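run_24.cif follows; it contains mmCIF, C-alpha atoms.
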```cif
data_structure
#
loop_
_atom_site.label_atom_id
_atom_site.label_comp_id
_atom_site.auth_asym_id
_atom_site.auth_seq_id
_atom_site.Cartn_x
_atom_site.Cartn_y
_atom_site.Cartn_z
CA MET L 1 0.00 0.00 0.00
CA SER L 2 1.40 3.31 -1.00
CA LEU L 3 -0.57 6.53 -1.07
CA PRO L 4 0.25 8.93 -3.89
CA THR L 5 1.86 12.24 -2.99
CA PRO L 6 -0.77 14.98 -3.30
CA TYR L 7 -0.88 16.81 -6.64
CA ILE L 8 0.79 20.23 -6.45
CA GLY L 9 1.03 21.10 -10.16
CA HIS L 10 -1.14 24.20 -9.58
CA LEU L 11 1.64 25.82 -7.52
CA THR L 12 4.08 27.87 -9.61
CA GLU L 13 7.62 29.18 -9.29
CA GLU L 14 6.02 32.48 -8.29
CA ASP L 15 4.18 30.79 -5.42
CA TYR L 16 7.45 29.26 -4.28
CA GLU L 17 8.99 32.71 -3.96
CA HIS L 18 6.68 33.17 -0.97
CA VAL L 19 5.66 29.68 0.13
CA TYR L 20 7.93 26.79 1.14
CA GLU L 21 8.19 24.32 -1.72
CA PRO L 22 7.74 20.71 -0.61
CA ALA L 23 11.19 19.28 -0.12
CA GLU L 24 12.90 16.28 1.45
CA ASP L 25 11.68 17.21 4.94
CA SER L 26 8.07 17.40 3.73
CA PHE L 27 8.33 13.96 2.17
CA ILE L 28 9.95 12.48 5.27
CA LEU L 29 6.92 13.70 7.21
CA LEU L 30 4.55 12.12 4.67
CA ASP L 31 6.50 8.86 4.98
CA ALA L 32 6.22 8.94 8.77
CA LEU L 33 2.46 9.48 8.56
CA GLU L 34 2.09 6.72 6.02
CA ALA L 35 4.14 4.32 8.13
CA ASP L 36 1.57 4.91 10.90
CA ALA L 37 -1.43 4.61 8.59
CA ILE L 38 -2.91 1.61 10.41
CA PRO L 39 -2.76 2.98 13.98
CA LEU L 40 -3.72 6.46 12.75
CA ARG L 41 -6.88 5.16 11.09
CA ALA L 42 -7.64 2.86 14.02
CA ALA L 43 -7.46 5.80 16.46
CA ARG L 44 -10.30 7.46 14.51
CA PRO L 45 -9.08 11.01 15.12
CA SER L 46 -11.85 13.59 14.81
CA LEU L 47 -9.67 16.72 15.14
CA CYS L 48 -6.32 17.14 13.41
CA VAL L 49 -4.26 20.32 13.36
CA GLU L 50 -1.25 21.20 11.24
CA ILE L 51 0.80 24.19 12.27
CA GLY L 52 2.50 26.05 9.41
CA SER L 53 0.94 24.15 6.53
CA GLY L 54 2.83 25.96 3.73
CA SER L 55 2.02 24.34 0.39
CA GLY L 56 -0.63 22.19 2.07
CA VAL L 57 0.90 18.93 0.95
CA VAL L 58 0.98 17.42 4.46
CA SER L 59 -2.57 18.34 5.55
CA THR L 60 -3.90 17.11 2.24
CA PHE L 61 -1.98 13.86 2.54
CA LEU L 62 -3.22 13.29 6.08
CA MET L 63 -6.83 13.75 5.00
CA GLN L 64 -6.33 11.34 2.11
CA LEU L 65 -4.80 8.85 4.49
CA LEU L 66 -7.66 9.07 7.01
CA GLY L 67 -10.31 8.88 4.29
CA PRO L 68 -12.96 11.34 3.12
CA ASN L 69 -15.04 13.05 5.80
CA GLN L 70 -13.49 11.06 8.62
CA SER L 71 -11.90 13.97 10.44
CA LEU L 72 -11.67 17.75 10.65
CA ILE L 73 -8.27 19.21 9.90
CA ILE L 74 -7.49 22.80 10.73
CA ALA L 75 -4.32 24.06 9.07
CA THR L 76 -2.66 27.26 10.18
CA ASP L 77 0.03 29.49 8.73
CA ILE L 78 1.13 33.04 9.51
CA ASN L 79 1.79 33.61 5.81
CA PRO L 80 -1.44 34.46 3.91
CA LEU L 81 0.02 33.14 0.66
CA ALA L 82 0.75 29.82 2.36
CA CYS L 83 -2.88 29.68 3.57
CA GLN L 84 -4.03 30.22 -0.01
CA ALA L 85 -1.59 27.60 -1.30
CA THR L 86 -2.87 25.06 1.24
CA GLN L 87 -6.44 25.80 0.22
CA LYS L 88 -5.60 25.35 -3.47
CA THR L 89 -3.77 22.09 -2.80
CA SER L 90 -6.64 20.66 -0.80
CA HIS L 91 -9.14 21.61 -3.52
CA ALA L 92 -6.94 20.18 -6.27
CA ASN L 93 -6.89 16.86 -4.41
CA ASN L 94 -10.59 16.82 -3.50
CA VAL L 95 -10.13 16.97 0.25
CA THR L 96 -11.31 19.58 2.71
CA VAL L 97 -8.82 21.48 4.86
CA ASP L 98 -10.02 24.40 6.99
CA LEU L 99 -7.52 27.27 7.10
CA VAL L 100 -6.82 29.81 9.81
CA GLN L 101 -4.19 32.50 9.28
CA CYS L 102 -2.54 32.90 12.66
CA ASN L 103 0.62 32.49 14.69
CA LEU L 104 1.06 28.79 15.59
CA LEU L 105 -2.43 27.88 16.84
CA LYS L 106 -3.17 30.73 19.23
CA PRO L 107 -6.87 31.31 18.44
CA LEU L 108 -7.49 27.57 18.82
CA LEU L 109 -5.82 27.17 22.21
CA PRO L 110 -8.67 27.83 24.67
CA ARG L 111 -11.17 25.67 22.82
CA VAL L 112 -9.11 22.68 21.74
CA ASP L 113 -8.27 22.02 25.39
CA ARG L 114 -6.78 18.52 25.18
CA GLY L 115 -8.86 17.74 22.12
CA VAL L 116 -6.29 17.51 19.34
CA ASP L 117 -6.03 13.91 18.17
CA VAL L 118 -3.28 14.46 15.62
CA LEU L 119 -0.94 17.45 15.65
CA VAL L 120 1.56 17.88 12.83
CA PHE L 121 4.38 20.39 12.69
CA ASN L 122 7.21 20.80 10.22
CA PRO L 123 8.76 23.77 12.00
CA PRO L 124 11.34 26.31 10.94
CA TYR L 125 14.23 24.19 12.26
CA VAL L 126 17.37 25.74 10.76
CA PRO L 127 19.58 27.28 13.45
CA THR L 128 19.84 31.05 12.97
CA ASP L 129 20.49 34.03 15.19
CA LEU L 130 17.58 35.39 17.21
CA ALA L 131 17.23 38.54 15.09
CA GLU L 132 16.70 36.56 11.89
CA PHE L 133 14.22 34.25 13.63
CA GLU L 134 12.19 37.16 14.99
CA GLN L 135 12.31 39.17 11.79
CA THR L 136 11.18 36.30 9.55
CA GLN L 137 8.36 35.37 11.92
CA ALA L 138 7.19 38.99 12.23
CA SER L 139 7.17 39.49 8.47
CA ALA L 140 5.41 36.13 7.91
CA SER L 141 7.63 35.61 4.87
CA LEU L 142 9.22 32.56 3.28
CA GLY L 143 12.19 32.82 5.65
CA GLY L 144 9.78 32.13 8.49
CA ALA L 145 9.38 28.63 7.09
CA TRP L 146 12.98 27.70 7.93
CA ALA L 147 14.72 30.26 10.19
CA GLY L 148 14.50 28.57 13.59
CA GLY L 149 16.51 30.71 16.01
CA SER L 150 18.85 29.21 18.60
CA GLU L 151 19.52 25.53 17.77
CA GLY L 152 16.59 25.85 15.36
CA MET L 153 14.24 25.37 18.30
CA GLY L 154 12.55 28.80 18.46
CA THR L 155 9.02 27.71 17.59
CA THR L 156 9.43 24.01 18.37
CA THR L 157 10.06 24.76 22.05
CA THR L 158 6.92 26.91 22.22
CA VAL L 159 4.79 24.14 20.73
CA ILE L 160 6.30 21.43 22.94
CA GLU L 161 5.46 23.51 26.01
CA LEU L 162 1.83 23.64 24.88
CA LEU L 163 1.48 19.92 24.14
CA SER L 164 -0.04 18.89 27.48
CA ASP L 165 -2.87 21.38 26.90
CA LEU L 166 -3.33 20.37 23.29
CA LEU L 167 -3.25 16.63 22.87
CA SER L 168 -6.18 14.36 23.62
CA PRO L 169 -5.43 11.29 25.78
CA GLN L 170 -4.70 9.23 22.66
CA GLY L 171 -3.29 12.24 20.78
CA ARG L 172 -0.27 11.99 18.51
CA PHE L 173 2.26 14.68 17.63
CA TYR L 174 4.41 14.47 14.50
CA LEU L 175 7.39 16.81 14.45
CA VAL L 176 10.19 17.25 11.91
CA ALA L 177 13.62 17.83 13.41
CA VAL L 178 17.24 17.85 12.23
CA GLU L 179 20.44 16.83 14.06
CA GLN L 180 21.15 20.42 15.19
CA ASN L 181 17.82 20.40 17.06
CA ARG L 182 19.18 17.47 19.13
CA PRO L 183 16.33 15.03 18.55
CA GLN L 184 17.32 12.89 21.55
CA ASP L 185 16.94 15.93 23.81
CA ILE L 186 13.49 16.53 22.34
CA VAL L 187 12.54 12.93 23.07
CA ALA L 188 13.82 13.21 26.65
CA ARG L 189 11.90 16.40 27.11
CA LEU L 190 8.66 14.88 25.79
CA GLN L 191 9.14 11.88 28.06
CA ARG L 192 9.51 14.20 31.04
CA GLN L 193 6.10 15.59 30.06
CA GLY L 194 4.74 12.08 30.23
CA LEU L 195 4.56 11.58 26.46
CA ARG L 196 5.82 8.42 24.83
CA SER L 197 8.08 9.45 21.97
CA GLU L 198 10.46 8.04 19.40
CA VAL L 199 12.75 9.18 16.59
CA LYS L 200 11.97 7.64 13.21
CA MET D 1 -13.67 28.45 4.08
CA VAL D 2 -14.83 29.16 7.57
CA ARG D 3 -17.23 26.36 8.34
CA LEU D 4 -19.16 26.50 11.58
CA ILE D 5 -17.26 23.46 12.87
CA THR D 6 -14.04 25.48 12.71
CA HIS D 7 -15.65 28.71 13.89
CA ASN D 8 -16.67 26.77 17.02
CA MET D 9 -12.94 26.35 17.79
CA LEU D 10 -11.89 30.01 17.40
CA THR D 11 -11.41 32.39 20.31
CA CYS D 12 -10.27 36.01 20.39
CA HIS D 13 -6.67 36.08 21.60
CA VAL D 14 -6.03 39.79 21.93
CA ARG D 15 -3.91 40.62 24.98
CA ASN D 16 -5.97 40.79 28.18
CA CYS D 17 -9.17 39.81 26.37
CA THR D 18 -10.49 37.00 28.55
CA LYS D 19 -14.20 37.75 28.89
CA ASP D 20 -16.86 37.15 26.21
CA ASN D 21 -14.06 36.24 23.79
CA PHE D 22 -16.04 33.29 22.39
CA PRO D 23 -17.89 32.77 20.12
CA LEU D 24 -16.89 35.44 17.63
CA VAL D 25 -19.90 37.14 16.08
CA PHE D 26 -20.32 37.07 12.30
CA SER D 27 -21.34 40.15 10.34
CA ASP D 28 -21.38 41.31 6.70
CA VAL D 29 -21.33 37.67 5.78
CA GLU D 30 -21.29 36.03 2.36
CA LEU D 31 -22.64 32.59 3.14
CA VAL D 32 -22.32 29.71 0.69
CA VAL D 33 -23.89 26.30 1.20
CA ARG D 34 -21.93 23.44 -0.35
CA GLU D 35 -23.23 19.93 -0.12
CA ALA D 36 -20.81 17.61 1.65
CA PRO D 37 -20.97 13.82 1.82
CA GLU D 38 -22.62 12.75 5.04
CA ASN D 39 -20.69 10.91 7.71
CA LEU D 40 -22.93 10.85 10.77
CA ASP D 41 -20.43 8.71 12.62
CA PHE D 42 -17.88 11.52 12.36
CA ILE D 43 -20.47 14.05 13.56
CA ARG D 44 -21.17 11.80 16.56
CA ARG D 45 -17.46 11.49 17.35
CA PHE D 46 -17.01 15.25 17.14
CA LEU D 47 -19.88 16.06 19.53
CA PRO D 48 -17.78 16.14 22.72
CA LYS D 49 -15.58 18.83 21.16
CA LEU D 50 -18.43 21.19 20.34
CA ASP D 51 -19.65 24.12 22.40
CA TRP D 52 -23.35 23.60 21.79
CA ALA D 53 -24.68 26.97 22.95
CA ALA D 54 -22.14 28.82 20.82
CA LEU D 55 -22.96 26.69 17.80
CA VAL D 56 -26.71 27.20 18.10
CA ASP D 57 -26.33 30.98 18.58
CA THR D 58 -24.03 31.21 15.59
CA ALA D 59 -26.22 29.06 13.33
CA ARG D 60 -29.26 31.15 14.26
CA SER D 61 -27.34 34.38 13.59
CA LEU D 62 -26.84 33.04 10.05
CA GLY D 63 -30.53 32.17 9.67
CA ASP D 64 -30.42 28.45 10.44
CA GLU D 65 -32.94 27.48 13.12
CA SER D 66 -32.64 23.71 12.75
CA LEU D 67 -30.75 22.98 16.00
CA PRO D 68 -32.50 22.62 19.38
CA GLY D 69 -31.50 25.16 22.03
CA THR D 70 -30.32 22.51 24.45
CA GLN D 71 -28.11 19.67 23.34
CA PRO D 72 -30.11 16.42 23.08
CA GLU D 73 -28.81 13.59 25.25
CA GLU D 74 -29.44 11.16 22.44
CA PHE D 75 -29.39 12.42 18.89
CA THR D 76 -31.80 11.06 16.29
CA ASP D 77 -30.39 10.59 12.78
CA GLU D 78 -32.50 13.53 11.70
CA GLN D 79 -30.87 15.74 14.32
CA LEU D 80 -27.42 14.50 13.30
CA ARG D 81 -28.23 15.36 9.69
CA ALA D 82 -29.21 18.89 10.71
CA LEU D 83 -25.95 19.11 12.62
CA HIS D 84 -24.00 17.82 9.62
CA HIS D 85 -25.54 20.57 7.51
CA VAL D 86 -24.73 23.31 10.02
CA LEU D 87 -21.18 22.15 10.75
CA MET D 88 -19.98 20.91 7.38
CA GLU D 89 -22.01 22.62 4.67
CA MET D 90 -22.37 26.25 5.76
CA HIS D 91 -19.31 28.17 4.56
CA VAL D 92 -18.64 31.79 5.36
CA GLU D 93 -16.58 32.99 2.41
CA GLU D 94 -16.37 36.70 3.20
CA GLY D 95 -17.22 38.77 6.24
CA LYS D 96 -16.14 39.71 9.70
CA MET D 97 -15.93 38.02 13.08
CA THR D 98 -16.16 40.39 16.01
CA CYS D 99 -15.17 39.71 19.61
CA ARG D 100 -17.97 40.59 22.01
CA GLY D 101 -15.42 41.21 24.74
CA CYS D 102 -12.90 43.60 23.25
CA GLY D 103 -14.50 44.49 19.93
CA HIS D 104 -11.58 43.25 17.83
CA ILE D 105 -12.63 42.48 14.27
CA TYR D 106 -11.16 39.53 12.38
CA HIS D 107 -11.69 39.62 8.63
CA ILE D 108 -12.52 36.66 6.45
CA SER D 109 -11.39 36.79 2.84
CA ASN D 110 -11.71 34.01 0.27
CA GLY D 111 -12.85 31.75 3.07
CA ILE D 112 -9.71 32.29 5.17
CA PRO D 113 -10.04 34.07 8.51
CA ASN D 114 -7.12 36.35 9.30
CA MET D 115 -6.48 35.89 13.02
CA LEU D 116 -2.94 37.19 12.98
CA LEU D 117 -2.53 39.98 15.50
CA ALA D 118 -0.12 42.89 15.44
CA GLU D 119 2.66 42.55 18.01
CA HIS D 120 1.12 45.07 20.43
CA GLU D 121 -2.18 43.15 20.39
CA VAL D 122 -0.68 39.76 21.23
CA GLY D 123 -1.37 38.33 24.66
CA ARG D 124 -0.40 34.74 25.24
#
```
Represent the structure of the file as structure tokens.
Amino acid sequence: MSLPTPYIGHLTEEDYEHVYEPAEDSFILLDALEADAIPLRAARPSLCVEIGSGSGVVSTFLMQLLGPNQSLIIATDINPLACQATQKTSHANNVTVDLVQCNLLKPLLPRVDRGVDVLVFNPPYVPTDLAEFEQTQASASLGGAWAGGSEGMGTTTTVIELLSDLLSPQGRFYLVAVEQNRPQDIVARLQRQGLRSEVK
Amino acid sequence: MVRLITHNMLTCHVRNCTKDNFPLVFSDVELVVREAPENLDFIRRFLPKLDWAALVDTARSLGDESLPGTQPEEFTDEQLRALHHVLMEMHVEEGKMTCRGCGHIYHISNGIPNMLLAEHEVGR
């Protein structure tokens, strides 16, 4: 069983000047989701959230994997052009993804209160200085898709700190990380929060 | 699109806005109804995540009176179908969502709500 990668032929070079083009890290995340297809479907998630959906390839893939009308997915991005790209990608692949333009998932926080069944995040993970991290986030530009601040953990740390308030009892969190983010430290940290975690 | 299922998850997050910050109130709305394949099992599974009172108020503000004021303990299939319509088929494409607490207005354009705040407005 292998699910096709979502169609993204509608996105142009011009789009990719402003929106992160699916790359190796995106496909690694798709592979990780697909590897968990059986437990993911069995868990019957009703609320999925993707933070920073960019081109929309991951949210679209997750909805295809779970099957039509099986779950709600809310995708967020601070970049309005990324929100539009995600919407186009979902439409082009005949799935429904609800978009919210916002920072991380702030407007969702009070209400999702331990209700997120699947949370997906391919963060800006490239180590940069703090100024570049803050500037790219504030301008909601393409750089915000990769510039990650100290050890590349600027946004990842924020999201990890929120996890206990976000995830449902059976909730799953998929995170992309690189060596410089010290994946083993992330695992240790999640375990201290009482979350079972592994590096794939 | 802003469907009512997603609207039911959105709270005003302006700094120090903690009272009457949910649900956001729609105005100047362009509402589109798009038929969606029915999955009543999904609707049933999603029930615990809904704020019923907020959903009913919002649906009524958009002219849909099909939901009972208090949440039924047991839903009939007919009630689940009405809920499916309200949650999954009513799309707000354009308009505004206003916070009853602080008055902040969030704009919806091409079905995407802009809930990004300026730095001085950000709380948490």
Show which residues sit within 9 Å of segment 49-60 of chain D, as an mmCIF file with C-alpha atoms, keeping the file's coordinate frame. Count all atoms listed in the file, and ignore same-chain residues fewer than 4 positions away.
```cif
data_model
loop_
_atom_site.group_PDB
_atom_site.id
_atom_site.type_symbol
_atom_site.label_atom_id
_atom_site.label_comp_id
_atom_site.auth_asym_id
_atom_site.auth_seq_id
_atom_site.Cartn_x
_atom_site.Cartn_y
_atom_site.Cartn_z
ATOM 1 C CA LEU L 47 -9.670 16.720 15.140
ATOM 2 C CA ARG L 111 -11.170 25.670 22.820
ATOM 3 C CA VAL L 112 -9.110 22.680 21.740
ATOM 4 C CA GLY L 115 -8.860 17.740 22.120
ATOM 5 C CA LEU D 4 -19.160 26.500 11.580
ATOM 6 C CA ILE D 5 -17.260 23.460 12.870
ATOM 7 C CA HIS D 7 -15.650 28.710 13.890
ATOM 8 C CA ASN D 8 -16.670 26.770 17.020
ATOM 9 C CA MET D 9 -12.940 26.350 17.790
ATOM 10 C CA PHE D 22 -16.040 33.290 22.390
ATOM 11 C CA PRO D 23 -17.890 32.770 20.120
ATOM 12 C CA LEU D 24 -16.890 35.440 17.630
ATOM 13 C CA VAL D 25 -19.900 37.140 16.080
ATOM 14 C CA PHE D 26 -20.320 37.070 12.300
ATOM 15 C CA ARG D 45 -17.460 11.490 17.350
ATOM 16 C CA ASP D 64 -30.420 28.450 10.440
ATOM 17 C CA GLU D 65 -32.940 27.480 13.120
ATOM 18 C CA SER D 66 -32.640 23.710 12.750
ATOM 19 C CA LEU D 67 -30.750 22.980 16.000
ATOM 20 C CA PRO D 68 -32.500 22.620 19.380
ATOM 21 C CA GLY D 69 -31.500 25.160 22.030
ATOM 22 C CA THR D 70 -30.320 22.510 24.450
ATOM 23 C CA GLN D 71 -28.110 19.670 23.340
ATOM 24 C CA VAL D 86 -24.730 23.310 10.020
ATOM 25 C CA LEU D 87 -21.180 22.150 10.750
ATOM 26 C CA MET D 90 -22.370 26.250 5.760
#
```
In Å, with one decimal, what is the gap from atom CA of Asp41 of chain D to atom CA of Val49 of chain L?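 So the two atoms, atom CA of Asp41 of chain D and atom CA of Val49 of chain L, lie 19.9 Å apart.
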Running the PyMOL selection byres ((chain D) within 10 of (chain L)) on this model by hand, what would come out? Give it as a PyMOL selection string. chain D and resi 1-3+5-14+22+36-51+88+108+110-119+122-124
Any chance you could export the current selection's C-alpha atoms as a PDB file, in the frame of the given file?
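And here is the file that came out, again34.pdb:
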```pdb
ATOM      1  CA  MET D   1     -13.670  28.450   4.080  1.00  0.00           C
ATOM      2  CA  VAL D   2     -14.830  29.160   7.570  1.00  0.00           C
ATOM      3  CA  ARG D   3     -17.230  26.360   8.340  1.00  0.00           C
ATOM      4  CA  ILE D   5     -17.260  23.460  12.870  1.00  0.00           C
ATOM      5  CA  THR D   6     -14.040  25.480  12.710  1.00  0.00           C
ATOM      6  CA  HIS D   7     -15.650  28.710  13.890  1.00  0.00           C
ATOM      7  CA  ASN D   8     -16.670  26.770  17.020  1.00  0.00           C
ATOM      8  CA  MET D   9     -12.940  26.350  17.790  1.00  0.00           C
ATOM      9  CA  LEU D  10     -11.890  30.010  17.400  1.00  0.00           C
ATOM     10  CA  THR D  11     -11.410  32.390  20.310  1.00  0.00           C
ATOM     11  CA  CYS D  12     -10.270  36.010  20.390  1.00  0.00           C
ATOM     12  CA  HIS D  13      -6.670  36.080  21.600  1.00  0.00           C
ATOM     13  CA  VAL D  14      -6.030  39.790  21.930  1.00  0.00           C
ATOM     14  CA  PHE D  22     -16.040  33.290  22.390  1.00  0.00           C
ATOM     15  CA  ALA D  36     -20.810  17.610   1.650  1.00  0.00           C
ATOM     16  CA  PRO D  37     -20.970  13.820   1.820  1.00  0.00           C
ATOM     17  CA  GLU D  38     -22.620  12.750   5.040  1.00  0.00           C
ATOM     18  CA  ASN D  39     -20.690  10.910   7.710  1.00  0.00           C
ATOM     19  CA  LEU D  40     -22.930  10.850  10.770  1.00  0.00           C
ATOM     20  CA  ASP D  41     -20.430   8.710  12.620  1.00  0.00           C
ATOM     21  CA  PHE D  42     -17.880  11.520  12.360  1.00  0.00           C
ATOM     22  CA  ILE D  43     -20.470  14.050  13.560  1.00  0.00           C
ATOM     23  CA  ARG D  44     -21.170  11.800  16.560  1.00  0.00           C
ATOM     24  CA  ARG D  45     -17.460  11.490  17.350  1.00  0.00           C
ATOM     25  CA  PHE D  46     -17.010  15.250  17.140  1.00  0.00           C
ATOM     26  CA  LEU D  47     -19.880  16.060  19.530  1.00  0.00           C
ATOM     27  CA  PRO D  48     -17.780  16.140  22.720  1.00  0.00           C
ATOM     28  CA  LYS D  49     -15.580  18.830  21.160  1.00  0.00           C
ATOM     29  CA  LEU D  50     -18.430  21.190  20.340  1.00  0.00           C
ATOM     30  CA  ASP D  51     -19.650  24.120  22.400  1.00  0.00           C
ATOM     31  CA  MET D  88     -19.980  20.910   7.380  1.00  0.00           C
ATOM     32  CA  ILE D 108     -12.520  36.660   6.450  1.00  0.00           C
ATOM     33  CA  ASN D 110     -11.710  34.010   0.270  1.00  0.00           C
ATOM     34  CA  GLY D 111     -12.850  31.750   3.070  1.00  0.00           C
ATOM     35  CA  ILE D 112      -9.710  32.290   5.170  1.00  0.00           C
ATOM     36  CA  PRO D 113     -10.040  34.070   8.510  1.00  0.00           C
ATOM     37  CA  ASN D 114      -7.120  36.350   9.300  1.00  0.00           C
ATOM     38  CA  MET D 115      -6.480  35.890  13.020  1.00  0.00           C
ATOM     39  CA  LEU D 116      -2.940  37.190  12.980  1.00  0.00           C
ATOM     40  CA  LEU D 117      -2.530  39.980  15.500  1.00  0.00           C
ATOM     41  CA  ALA D 118      -0.120  42.890  15.440  1.00  0.00           C
ATOM     42  CA  GLU D 119       2.660  42.550  18.010  1.00  0.00           C
ATOM     43  CA  VAL D 122      -0.680  39.760  21.230  1.00  0.00           C
ATOM     44  CA  GLY D 123      -1.370  38.330  24.660  1.00  0.00           C
ATOM     45  CA  ARG D 124      -0.400  34.740  25.240  1.00  0.00           C
TER      46      ARG D 124
END
```
List as a short mmCIF file (atom, residue, chain, number, x, y, z; two decimals) with C-alpha atoms, in the frame of the given file the protein and nucleic acid residues near Ala92 of chain L, meaning an atom at most 8 Å away when all atoms listed in the file are counted, but skip any in the same chain fewer than 3 places from it.
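Final output, part_19.cif:
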```cif
data_model
loop_
_atom_site.label_atom_id
_atom_site.label_comp_id
_atom_site.auth_asym_id
_atom_site.auth_seq_id
_atom_site.Cartn_x
_atom_site.Cartn_y
_atom_site.Cartn_z
CA TYR L 7 -0.88 16.81 -6.64
CA ILE L 8 0.79 20.23 -6.45
CA HIS L 10 -1.14 24.20 -9.58
CA LYS L 88 -5.60 25.35 -3.47
CA THR L 89 -3.77 22.09 -2.80
CA VAL L 95 -10.13 16.97 0.25
#
```
Restricting the calculation to all atoms listed in the file: of L:Ala42, L:Val176, L:Ala35, L:Ile160, which residue gets closest to Arg192 of chain L?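 Selected residue with least distance to Arg192 of chain L: L:Ile160.
In this structure, atom CA of Ile38 of chain L sits 15.4 Å away from atom CA of Tyr174 of chain L.
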Selection near segment 18-20 of chain L, 8 Å with all atoms listed in the file, sequence-local residues under 2 positions removed, as a CSV table (one decimal) with C-alpha atoms, in the coordinates of the input:
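Here's the written file out38.csv:
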```csv
chain,number,residue,atom,x,y,z
L,14,GLU,CA,6.0,32.5,-8.3
L,15,ASP,CA,4.2,30.8,-5.4
L,16,TYR,CA,7.4,29.3,-4.3
L,22,PRO,CA,7.7,20.7,-0.6
L,54,GLY,CA,2.8,26.0,3.7
L,55,SER,CA,2.0,24.3,0.4
L,79,ASN,CA,1.8,33.6,5.8
L,81,LEU,CA,0.0,33.1,0.7
L,82,ALA,CA,0.8,29.8,2.4
L,85,ALA,CA,-1.6,27.6,-1.3
L,141,SER,CA,7.6,35.6,4.9
L,142,LEU,CA,9.2,32.6,3.3
L,145,ALA,CA,9.4,28.6,7.1
```
Could you jot down the atom CA of Lys96 of chain D to atom CA of Thr86 of chain L separation for me, Å, one decimal place?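 Going from atom CA of Lys96 of chain D over to atom CA of Thr86 of chain L, I get 21.5 Å.
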Given the file shown, enumerate the residues that the PyMOL selection byres ((chain D and resi 103) around 10) captures and present them as number ranges by chain. D: 12, 14, 17, 20-21, 24-25, 97-102, 104-106
Print the selection's residues with C-alpha atoms to a file, as a CSV table (one decimal), keeping the file's coordinate frame.
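Okay, out-v2.csv is ready:
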```csv
chain,number,residue,atom,x,y,z
D,12,CYS,CA,-10.3,36.0,20.4
D,14,VAL,CA,-6.0,39.8,21.9
D,17,CYS,CA,-9.2,39.8,26.4
D,20,ASP,CA,-16.9,37.2,26.2
D,21,ASN,CA,-14.1,36.2,23.8
D,24,LEU,CA,-16.9,35.4,17.6
D,25,VAL,CA,-19.9,37.1,16.1
D,97,MET,CA,-15.9,38.0,13.1
D,98,THR,CA,-16.2,40.4,16.0
D,99,CYS,CA,-15.2,39.7,19.6
D,100,ARG,CA,-18.0,40.6,22.0
D,101,GLY,CA,-15.4,41.2,24.7
D,102,CYS,CA,-12.9,43.6,23.2
D,104,HIS,CA,-11.6,43.2,17.8
D,105,ILE,CA,-12.6,42.5,14.3
D,106,TYR,CA,-11.2,39.5,12.4
```
Counting all atoms listed in the file, find the residues whose atoms lie at most 9 Å from (7.0, 20.0, 1.2) (file coordinates) and write them out as JSON, numbers by chain. {"L": [20, 21, 22, 23, 24, 25, 26, 27, 29, 30, 54, 55, 56, 57, 58]}
Protein/DNA/RNA residues near (-5.0, 10.5, 23.9), cut 10 Å, all atoms listed in the file, as a count of residues only: 14
